[in-house]
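Colleague: Sharing a structure below in structure tokens format, with a few things to ask.
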Number of protein chains: 2
Amino acid sequence: MKLYGYWRSSAAYRVRIALNLKQLTAEHISVHLVNNGGEQNSAIYHQLNPQHLVPVLVDNGEQGELTLSQSLAIIEFLEDKYPQHNLLPTNIEDRAIVRSMAQAIACEIHPLDNLRVLQYLVNEMGVSEADKMRWYHHWIHLGFTALEVQLSHHCGRFCFGDKPSLADICLIPQVYNAKRFNLDLAAYPNIVSIWDECQQLAAFADAAPEQQHDAS
Amino acid sequence: MKLYGYWRSSAAYRVRIALNLKQLTAEHISVHLVNNGGEQNSAIYHQLNPQHLVPVLVDNGEQGELTLSQSLAIIEFLEDKYPQHNLLPTNIEDRAIVRSMAQAIACEIHPLDNLRVLQYLVNEMGVSEADKMRWYHHWIHLGFTALEVQLSHHCGRFCFGDKPSLADICLIPQVYNAKRFNLDLAAYPNIVSIWDECQQLAAFADAAPEQQHDAS
């Protein structure tokens, strides 16, 4: 398998954790989101992903190469094809709760706070740097406040009980991102505790941005 | 089952289509997103969903009532629990492609263009109504341009071949929304063709916003 990603991309970080938890290996190919006008905008990358986003996974398929975009679709594919070390509970209701928590991050927080959106706010909407940071903090606080309630019903050492899952895979990159932007996490004890727990696992630690070969 | 939704919510619209395609019925309970300061912000609704978003599905679970938020998690739950009239292909690679297209809408377009985000842009970021519309159109055009390429590889009468799937379930509400905001769809012939095809199916037509009891 090949994973096209970028060290600081939260979505690529998710897939790196998933691969590690499943003990799968992939060749990591860096797509630098800033240099050269953003390598994700190149004509070559367009062939891989017309969305011009990372990550993209390329795997051997039944009919030649399978090229997949969207991190959660990639992770569900890994779960379907390589069921060892499952990332979703086997019980249908438990699976649903884990997916719900994962999407509360992937659909409600991350899309609003990623690089291209923050750039568009400043460059095209004329929003000040201070207001950009207010925007950023607003959506994370809103999302984390709700998630903290969900976690209080379901978490143990991890988001859902005592086993890492798709929810932790989404949470950890979002917390990494929040820490980078100096967000105060004091109001979110469950989130902080799960962050600390995940850092103890090599699958998470090895997937961290600073551990990637393209980190700078 | 009970579905808490709102006639114009794209995410509730998705779940309505999914229920119809699966020939499942639910009691539809309206949560008015505008009246009374937004009923999703009430203390009662907070108990159902601390994210203060629709939809929420309540189903009988193994251990009492299961209360689920996030439309894609709800639809995957319906697919797991009620496998009849499947919304995802059975082949692992095909499932992955359908999920990838669905998430290209649910994670890259809809989160940026929904009501609360547009309200925040104007009320808190001081963005003009004209710039708000520019923002709205930008993210839809960006997303639809990429999706149109993906569809050219996979679509038949529907997003993936000749059977409606999770991808159509996400696409149709987004197109409905785009039409409401007078977006020119001429550059997206596959999307327009799939829209037309879906309108012929009762499962989609009956789920349309104007057909809901709380439409006004």
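Ordering of the structure tokens sets the chain letters (A, B, ...), residue numbers begin anew at 1 in every chain, and ligands are numbered from 1 in the order given.
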Run DSSP on the backbone and grab whatever in stretch 47-189 of chain B lands in helix (DSSP H, G or I); send it over as JSON, numbers by chain.

Modeller: {"B": [47, 48, 71, 72, 73, 74, 75, 76, 77, 78, 79, 80, 81, 92, 93, 94, 95, 96, 97, 98, 99, 100, 101, 102, 103, 104, 105, 106, 110, 111, 112, 113, 115, 116, 117, 118, 119, 120, 121, 122, 123, 129, 130, 131, 132, 133, 134, 135, 136, 137, 138, 139, 140, 141, 142, 143, 144, 145, 146, 147, 148, 149, 150, 151, 152, 153, 154, 166, 167, 168, 169, 170, 171, 172, 173, 174, 175, 176, 177, 178, 179, 180, 189]}

Colleague: With only C-alpha atoms considered, list every residue of chain A at most 9 Å from chain B, as a PyMOL selection string.

Modeller: chain A and resi 49-52+61-62+66-74+76-77+80-81+92-93+95-104+106-112+117+120-121+124-128+131-132+134-135+142-143+145-147+149-150

Colleague: Need to verify the contact set: stretch 200-213 of chain B, 7 Å, only C-alpha atoms, exclusion of same-chain residues closer than 5 positions in sequence. Can you return it as a list in words?

Modeller: Trp7, Arg8, Tyr13, Arg16, Ile17, Asn20 and Leu21 of chain B

Colleague: Which distance in Å separates atom CA of A:Gly37 and atom CA of A:Ala12, to one decimal?

Modeller: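 The value is 19.4 Å.
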
Colleague: Just the residues within 7 Å of B:His137, please, counting only C-alpha atoms, with nothing from its chain fewer than 4 positions along; format it as a PyMOL selection string.

Modeller: chain B and resi 133+141+183

Colleague: Keeping only all heavy atoms, write those residues as a compact mmCIF listing (two decimals), in the first residue's frame.

Modeller:
```
# COMPACT_ATOMS: atom_id res chain seq x y z
N MET B 133 -22.52 34.63 0.39
CA MET B 133 -22.93 33.86 -0.77
C MET B 133 -21.72 33.41 -1.59
O MET B 133 -21.72 32.32 -2.17
CB MET B 133 -23.91 34.66 -1.65
CG MET B 133 -25.29 34.84 -1.04
SD MET B 133 -26.00 33.32 -0.31
CE MET B 133 -26.02 32.25 -1.76
N HIS B 141 -18.92 24.69 -5.38
CA HIS B 141 -18.28 24.51 -6.69
C HIS B 141 -17.01 23.66 -6.58
O HIS B 141 -16.76 22.78 -7.41
CB HIS B 141 -17.95 25.88 -7.32
CG HIS B 141 -19.12 26.51 -8.01
ND1 HIS B 141 -19.82 25.89 -9.02
CD2 HIS B 141 -19.74 27.71 -7.83
CE1 HIS B 141 -20.81 26.68 -9.44
NE2 HIS B 141 -20.79 27.78 -8.73
N LEU B 183 -27.49 28.11 -7.34
CA LEU B 183 -26.19 27.75 -7.90
C LEU B 183 -26.38 27.18 -9.30
O LEU B 183 -27.26 26.36 -9.54
CB LEU B 183 -25.55 26.69 -7.00
CG LEU B 183 -24.08 26.39 -7.30
CD1 LEU B 183 -23.19 27.01 -6.20
CD2 LEU B 183 -23.81 24.90 -7.35
```

Colleague: Residues within 12 Å of B:Leu115, please, as JSON, numbers by chain. Count only C-alpha atoms; anything in the same chain fewer than 6 positions from it doesn't count.

Modeller: {"B": [8, 9, 10, 11, 33, 34, 38, 53, 54, 121, 122, 123, 132, 136, 177]}

Colleague: Neighbours of B:Ser193 within 12 Å (only C-alpha atoms; same-chain residues fewer than 3 positions away dropped), as a ChimeraX atom specification?

Modeller: /B:148,151-152,155-159,168,171-172,175,185-190,196-200

Colleague: Give me, please, the distance in Å between atom CA of A:Gln174 and atom CA of A:Trp195, quoted to one decimal.

Modeller: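 It comes out at 10.2 Å.
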
Colleague: How many Å separate atom CA of B:Lys163 from atom CA of B:His85?

Modeller: 10.2 Å

Colleague: Let me make sure I understand: among B:Thr90, B:Leu166, B:Thr25, B:Ile194, which one has the smallest atom-to-atom distance to B:Ile105 if we use only C-alpha atoms?

Modeller: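 Under the stated criterion, the closest residue is B:Leu166.
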